[in-house]
Structures are given as structure tokens and as C-alpha cells.
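Working notes for the structure below.
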Amino acid sequence: MSNSSSSSRAPLLTLYATFVYAFLYFPIVVLVIYSFNGSGVGGFPPTGWTLDWYRQLFQDGPLWDAVLNSAIVAVVAVGISLALGLPAALALDRAQFPGKVLFRRIVLLPLILPGIITGLSLLMLFVAIGMKLSLVTITLGHGTALISVATTEIFAGLQKLDRAQEEASLDLGANHWKTFWSITLPNLRVSIIAAALLIFTLSLDEIAVSFFLIGRDNTLPLEIWSRLRRGITPEINAISTLILAFSIATILIWYRLRTRTASAEEAGAQLLASTLEGEHS
Amino acid sequence: MTSTRAENAAASVRTDSLLSIREVVKRFGSRPVLRNISLEVASGEFLTILGESGSGKTTLLRLIAGFEQLDGGEIWIGRDRLDQIPPHRRPVNTVFQSYALFPHLSVFDNIAYGLRAKNIAKAEIPNRVAQALAMVKMSEFSKSPPARLSGGQQQRIALARALVNRPGVLLLDEPLSALDANLRRQMQTELKALQREVGITFIFVTHDQEEAMALSDRIALLRSGFLEQVAEPRQIYGQPASAYVAQFIGQTNLLRADVKDQVARAGPLIWRTAEISRQVVFSLRPECIRLVARGAMPRAADDSTARFRARILNQAFGGAMDTLELDCGTRQTVRARIASPGPLSGEHEFEFRAGDAIAVREESSA
Amino acid sequence: MYTRAYKSAVTVPPLLWVTAFLLVPYALLFCYSFWSVSAQQTIVHNWNLQNYVQLIRNPTYLSVLFRSLRIAAAVTLLAVLLGYPLAYFLSFHAAGRKDLLYQLVIIPLWASYLVRGYAWKTILGSDGVLNGLLQYLHITRHPVEFFLYSPFAVVLTLTHIYTPFTFLPIYASLEHIPRNLVEASHDLGASPWSTFRRVILPLSLPGVLAGATFAFVLTLGDFLAPLLVGGASGIMISNIVVSLFGAAYNWPLGAAISLCMLLLVMGLLFATERLERKLTLS
């Protein structure tokens, strides 16, 4: 539990921290600046300010098709992940059954497993059942991989839920189903929205799993990827800047939501550390 | 006069009982929490289940409410088997220790919740809610969100939310423990008055023995999953069944006495007794010990009083009564509570009536 | 309190889905690794250990595997060296600005991997920003080649990606250290450095372990960074797998390598968990 820490001076440490921040933001800043650079992607210093690349971007039909594809995939992936992550979180919180620990590990595994393994194994599944690769297979892949995110977020929300409220609801005569709708779900609202935001963003950016499940239609990252094969263009800087702006906005909203009920370090670390927590369910 | 477990059980059986707890057993894993508890609760009575933490009192309450399942025994309500009914269909309502008000619903909706769950006629709901609010004197808070209420106010709403459903039995799980002392006393009075007015059976759980004595028609004292004694407050105080009860309820001195020829001896304390066993433990309440005024007549011939000399080790001022710690030459100190004696020191004479020394069972039979 | 029906309702659907879309695929992976590909480019279900033998015997695969392990180790080390002091700074020296600074770290964390990888690509190339800057400042006269398309570029890019990953659990574990322990240590006469070494560092080790495991595992399995900035000399083991599922068409062999990776990851997780439990109990 963090007590208020004294802010004592530590000049070397502060310098080092500044350096790390600079390192983290340097490529991002360069990318954004050069999306407005008259002479394109490389070189130094940047010459002439221009919006040409953005204009070019907005006329780029196939790219926006890919954006639409990504958006649809992301929305459906949110649906799948929540629809399965919510019961999974409830199961982990409330049910005792043989193999529960194993269940937990398997659900959370895609979080730490390199995307290539998840992607390849799903590819083999789809080939085995004769399903053609398409946006559908990508959506199924995202949905599956991101259940772990939904489960973790909602599980955290369940921990904060006062069990007595559900007992009170039963006590007052509402059955389990009604209790779930009237009491449990409203209390989980913040967690569910936070999970949805996170899953949406992660799905939009997802490339490792999608790489293997792609059919004829591209998602945005895959579209960018295929263009990269042909060479770097400042238009890619432009779309990247837009992607960054969107991600940043979403992440900040997510952060606000989560820190309303949890402390900052819980919000972020929850996601990563939960896979390693073993018996902490 | 010691009472056995069987006599306890007999004392707790009533012919007009509403709730019948029979041989209830509960375990958490391998750890036994309730061991063959049998208890009858009369219709309209205020029963308190009293005990330390870990005694099993909350578990018993939760079994009645339906949040835990029995491992053995039965619970009956009237002619129905209660423990086989799922919690949301039991004619029982609970006031939770944490109040458990729904934060996303207004006070009105909180109270109406149970009515709506039972599909009570829409037109009737506002009336019943208003009645319930009036009962707990919170009528002006109908539209408030619970978060804006103080602890005491939330407690009243929790009460109203439960009572509005007119349950056969109301369960209260340490509802006053989060309140400060003054508010607590006030709520105790109101709660008692409310129960009399409404006439519903209250089963009240607490660890505070003063609270139990103030409120209850009967007290059931639990210790480590066993029922130590079930009796009215005056009886449980005046005739504790065991040393544990004597010490838990109120304060007492436990005197280990040797008994011979109907005279009990514990150090310099000597008194007449009807006990026959050689070694007996007696409970003597501190307020039964009186200070003998200097120069009072010796009472040698009067057998019903016992006198002894003791040195005052410590005197704690307590407003109406002082608590004295006395050294009478035995290894243990004796506590006495005297009404405002003024500052005392040195050796004094004390006395108590022989009948005030109650023989108690030492260990509760396992 | 929860009925059997309730528990079944919440357990069964995710269980079914996970079985269908995680367990069965892993099982397929397992099976494939024991099959082979025929000359006609079809999969033959002839259950053998050839793929594994090939793995161990083939010097190319082995050297790429070792390079991958070296890169993963380097990235992990650097990410911890960058992430730990940052976390420490935020936890102990940031007071009022903690919230803002924390948000500044998680932004790069969740910003697109591809975008960040691409950014480094544009920076490190011979026409890139870095070379341009160096030439502009007259530090070099010709573009430096090895910035891009080298293991160096891969390490740099992945360190950038995974430093926020290591930051998070380290920060969480530092925040969990009650401040009065630090005060007690000072009270007993220990210097700040000594306090760090004997109180703070040991208590933060579980977080370090968690972060390091993530960085290591995810770097090891990464194939995108090598494709973006690695060039021929920056190939990692997952790239071999990708090509086996692509042009080189040998799914069984690819499956075998993937399975090894999967087992390695699970083994590492298991070991880390054990270690973490020992650390937190002691």
C-alpha cells in the first residue's frame, strides 16, 4: 500500500529517468514530426512543413478499407472477449472445480505467449476444419487471444465488489439471474468498459496473430505491413501518427476509468503480473 | 447449582417456537465451526447470539439466511424445512454488518428492491416504502444516493430495506458494531422499541455482552461452536452455567474453593455453601462485595455473610462505581466494585453474602 | 451460495471456447510436430521424431536459436536496467507528479508495436534520421550501415518496446513496499544505498522477475522486429518458423520448433512462479 513518498532530491536518478523518457519518446516524436516533413521520411534536419502526406492519406481508398476492416474486427473481438471473459472471471472468482488452476493458466496463456504460437496453432485448426482464412478467422483469433484481457480486468472488478451486496439481493428475494443483472453487472460497468477499450485498441494494433490468419482482406496493421515491403513512404508516417493519436486517447480514457476504483499501479500491472501469479486466484 | 448441557437444551425448547435449529453441524474444510447446535426461537422474541470472534455466531446466522449450507442437522421454520429452500425464497431477511446498500440505486429503490423482486403491485410500492422509511425515521432521504448518508443513516436504511418485506424472522449481523458509542446506545434503544412495535422475531448477532443484555429477551452464548448457555439476561448473569459464561458476561471473580462440611474456603474467604463436591469453582461478582465501614459491629453469628480482610492494591475511579483490586493473601487478586467510596488505601474489611457466590462448571464439556 | 447451475453457467462456455480455440490448436501443433512433409508438398502422418532430430542437428537452426537467446537476454537486461531506475524514481522521488509520469510510461506501452518498429526503421536507416543528424553535426561523413539490418537494431527496437513492460511490475512491487520499512531502516542507521540493497531491492525482486520473464519470453518469440529492422543478420528463431509456414513449406518442422518454444515458455513460467513464491515467502 503506497504511503505518500517524500520527494527527496536525487539529481543523478532524475537525469537517468529523463533519459529513459527521452528514449521512450524519441522515435514517436520523430515519427510525428516527419509526417509533416516536406522532404519525406529520412534525413536531417526536417525541411518545410506540409500536410501533403495527410492529404495523400485521405485519398487512399484501400487504406481506409483496411481501417474499416480493422474496426469491424475489433468490435466483434470485443464482443467475443467480453462474452467469454465475463463468465470466466465469475468462474475464477466464485466456483471451485477440479482443474481450476489449469483453467486459469490456459485462459491467461495468450497474454504471455508470443503471438506466433497462438497464430500458428489457430491456423492449423482452421486448416484442419477446412475454414478459409478471412476476416472471420482473424476475428476469432483476436477474440480468443484477448479473452485473457477481459478476464483479468473483470476479475479485478469482481474483487472490489462487495459480496454482501449480492447476498443482500438474494436475501431480498431476487434469484441469481436477477441479481446478476441488477447488482453484479452495474457494479462491473467500469471494468467492462475499461476492458472493452483495451481490447479494442489491442485488436486494432494486433499484427502477430493476424499475420497467420489473414485471407483476402487486410486489417490496418497488415495493410501497412504489406506497403512497408514495397518501401518506406511518408504516408505511412501520417497514418502512424493518426494511429498513435487514437491509441493515446483511448489509453488515457482507460486509465481514467481504472484509476477511479483502483490505484495506478494495480491498473497496469494487473494485466501483466496476473499470468505469473500462480495460486493467487 | 450447575446445569448440564442437556438442561440447557431443555431450557431452550419452546412449544410455540417459530424457528427450530436441530443438531446443526458446520465445517469449513476439516475445521468444525458449529457442533450439534440445537436452539428453538420463539415467535416475536428478540434473541441474541452472543460470542467471541471465531465462536461460530455469524456462521449460524448465515446458515439461517441461506448463504452457507449445512453439513448436518436441520433448520425448520414453522412447518417448513428452511435449509432446503434457496436463499432468495426464504421468508427471512438480513441486515448486513456492512449494510450492503446498493450504491447505484437510490434509497427508495434500495428499499423497493425486495418488493419488486416479489412482484408486489406497483401501486402499493410507494406506500410500503414510505411506511418503512417512517419506521426508521428517514422519510426525507427517499431520493438520496446511499453514499451520501452517514453510517448511522445507512444502517437505518438497511433495516428499512429488510423490514419492508415483512419477513418472518429478521437477522441482524452485528449491525451496530461500526457506530460510535453514543450512536450505538441510541440505536440500541430504537432497535428494541422497533422490534416491540413490529412484533417480528429478531435474531441479533453480537460480541458485545452489554449490548446483548440490554436488548434481548434471551441470549444464546456460543463458544467455539458449542452453545454454552441459553437463558434470559438476568438468569444468564445471575446464574452463569460455567466459568466461561460468568467471565464473558459481566465481570466476575472466579474462586477455587475447597469445600468441607458445607463450608467453602478460598484463602481467607470463607462462606457457607450447599455444595457437596470437594473442589468447587465459585463465581462472585465484584458488585456483590461490600466495604465494611470502620467501626461497624462484627457479625460473627450471622452465617449468611462472609467477611475478610484485604489490602487495597489499586483503586480505579469509574464515575458511579470504583473498581478495587484487593490482595487477600491468596495468589489471585479479588475485584470489588464499590459505589463512590472516596480515596482508599491500606487494609480494610470486606463482606459478601454467601448466596452471591455461585458455583459454576469449570470447563465446558466438549 | 452459488448453485450448481450458476457455477456451470459461468464455467462451461469459456471452457468450451478455450478448448476449441486454444487446447485443440495446441494439440494439433503437437501432432504436426511428429509428422513430415512429403516431396509432393503434402503432410504425411507418419509419426516420427525426425523434426526434432533435424532441429538439434542443423547448425543453422542452432546458431539462430542461440542468437535469439542472446538477443532475448540482451533485451531483458537492458529493459530492466532502464525500467527499474525509472520505476524507482517514480515510486520514491516523484510525489506530486507520479500520476502524470505514470501515464507517460503506459502510453508508449500500449501504442502500436508496428508504429514503433516502423519509427525505428526510419530512424536507423542509411537515409534515416539518425544518420542525417550525425552527418549534420559533422560527427560522421558517411552513413553508418550497421544501425539498421543488424542484431543491434533488433535489440534496440525490442528494448524500446519492452522497457515499459518491465517497468509495470517493478513499479507495482516498489509501490507495495510500506514506506515505514524504509524509515525504520534509516532509523536503525542504514545509509540510503544500504537501505536500497538490503530492504528495497529484495522486496522488489518479484516484480523484477515478472517483468524480466515477460521481456525474455516475448522477445524470444518475436518475428516482426527482425523483419522490420533485422535484415539477414538479425534473423531470429521465429522467422525460421514463419518461413517454414510460408515459402519453405514445412509445417511439421515449423510446428516442432513452435512446440519447443511453447514448452520453453511454460517451463520458464513455471520456474519463475516457483522462484517468486520462494522470494515472497522468505
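As shown in the C-alpha cells, the chain order sets the letters A, B, ...; within each chain, residues go from 1, and ligands are also counted from 1 in the order they appear.
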Can you list, as a PyMOL selection string, every protein, DNA or RNA residue that comes within 7 Å of segment 38-53 of chain A when you count only C-alpha atoms, leaving out same-chain residues fewer than 3 positions away? (chain A and resi 34-35+56-57+233-235+238) or (chain C and resi 122+127-129+132-133+136)
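Once Ser210 of chain A and its same-chain neighbours fewer than 5 positions away are set aside, A:Gly119, A:Ile138, A:Gly141, A:His142, A:Leu222 remain within 8 Å of it when counting only C-alpha atoms.
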Take the residues from that selection and write them out as an mmCIF file, in the first residue's frame, keeping N, CA and C atoms.
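Saved to part_33.cif:
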```
data_model
loop_
_atom_site.group_PDB
_atom_site.id
_atom_site.type_symbol
_atom_site.label_atom_id
_atom_site.label_comp_id
_atom_site.auth_asym_id
_atom_site.auth_seq_id
_atom_site.Cartn_x
_atom_site.Cartn_y
_atom_site.Cartn_z
ATOM 1 N N GLY A 119 -1.003 -17.716 -33.155
ATOM 2 C CA GLY A 119 -1.412 -17.584 -34.552
ATOM 3 C C GLY A 119 -1.272 -18.884 -35.327
ATOM 4 N N ILE A 138 -9.507 -14.044 -38.537
ATOM 5 C CA ILE A 138 -8.763 -13.056 -37.763
ATOM 6 C C ILE A 138 -9.550 -12.669 -36.516
ATOM 7 N N GLY A 141 -9.391 -15.244 -33.965
ATOM 8 C CA GLY A 141 -8.067 -15.231 -33.342
ATOM 9 C C GLY A 141 -7.945 -14.131 -32.304
ATOM 10 N N HIS A 142 -8.375 -12.917 -32.687
ATOM 11 C CA HIS A 142 -8.311 -11.809 -31.738
ATOM 12 C C HIS A 142 -9.163 -12.085 -30.517
ATOM 13 N N LEU A 222 -1.865 -4.955 -41.115
ATOM 14 C CA LEU A 222 -1.365 -5.809 -42.182
ATOM 15 C C LEU A 222 -1.245 -5.039 -43.488
#
```
Could you write out as a ChimeraX atom specification the residues of chain B within 9 Å of chain A, counting only C-alpha atoms? /B:65-67,86-104,113-118,161-162,165
If you take only C-alpha atoms and a cut-off of 9 Å, which residues of chain C touch chain B, and what are their nearest atom pairs and distances in Å to one decimal, in chain and number order, as CSV?
```
residue,atom,partner,partner_atom,distance
C:Met1,CA,B:Phe67,CA,4.7
C:Tyr2,CA,B:Phe67,CA,8.5
C:Thr3,CA,B:Pro86,CA,8.8
```
Who sits within 7 Å of segment 19-28 of chain A, only C-alpha atoms, same chain under 5 positions skipped, as a list in words: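 The filter keeps Leu82, Pro108, Arg116, Ala119, Trp120 and His160 of chain C.
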Write the residues you've just listed into a file as a CSV table (one decimal), in the first residue's frame, and include C-alpha atoms for each of them.
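As written to disk, again_2.csv reads:
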```csv
chain,number,residue,atom,x,y,z
C,82,LEU,CA,16.1,1.1,-17.9
C,108,PRO,CA,4.3,4.0,-25.3
C,116,ARG,CA,7.1,2.0,-33.0
C,119,ALA,CA,9.6,4.5,-36.4
C,120,TRP,CA,13.0,2.9,-35.6
C,160,HIS,CA,12.3,0.2,-26.6
```
I'd like to know which of A:Ala150, A:Ala208, A:Met131, A:Leu68 is closest to chain C, using only C-alpha atoms.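 Nearest candidate to chain C out of A:Ala150, A:Ala208, A:Met131, A:Leu68: A:Ala208.
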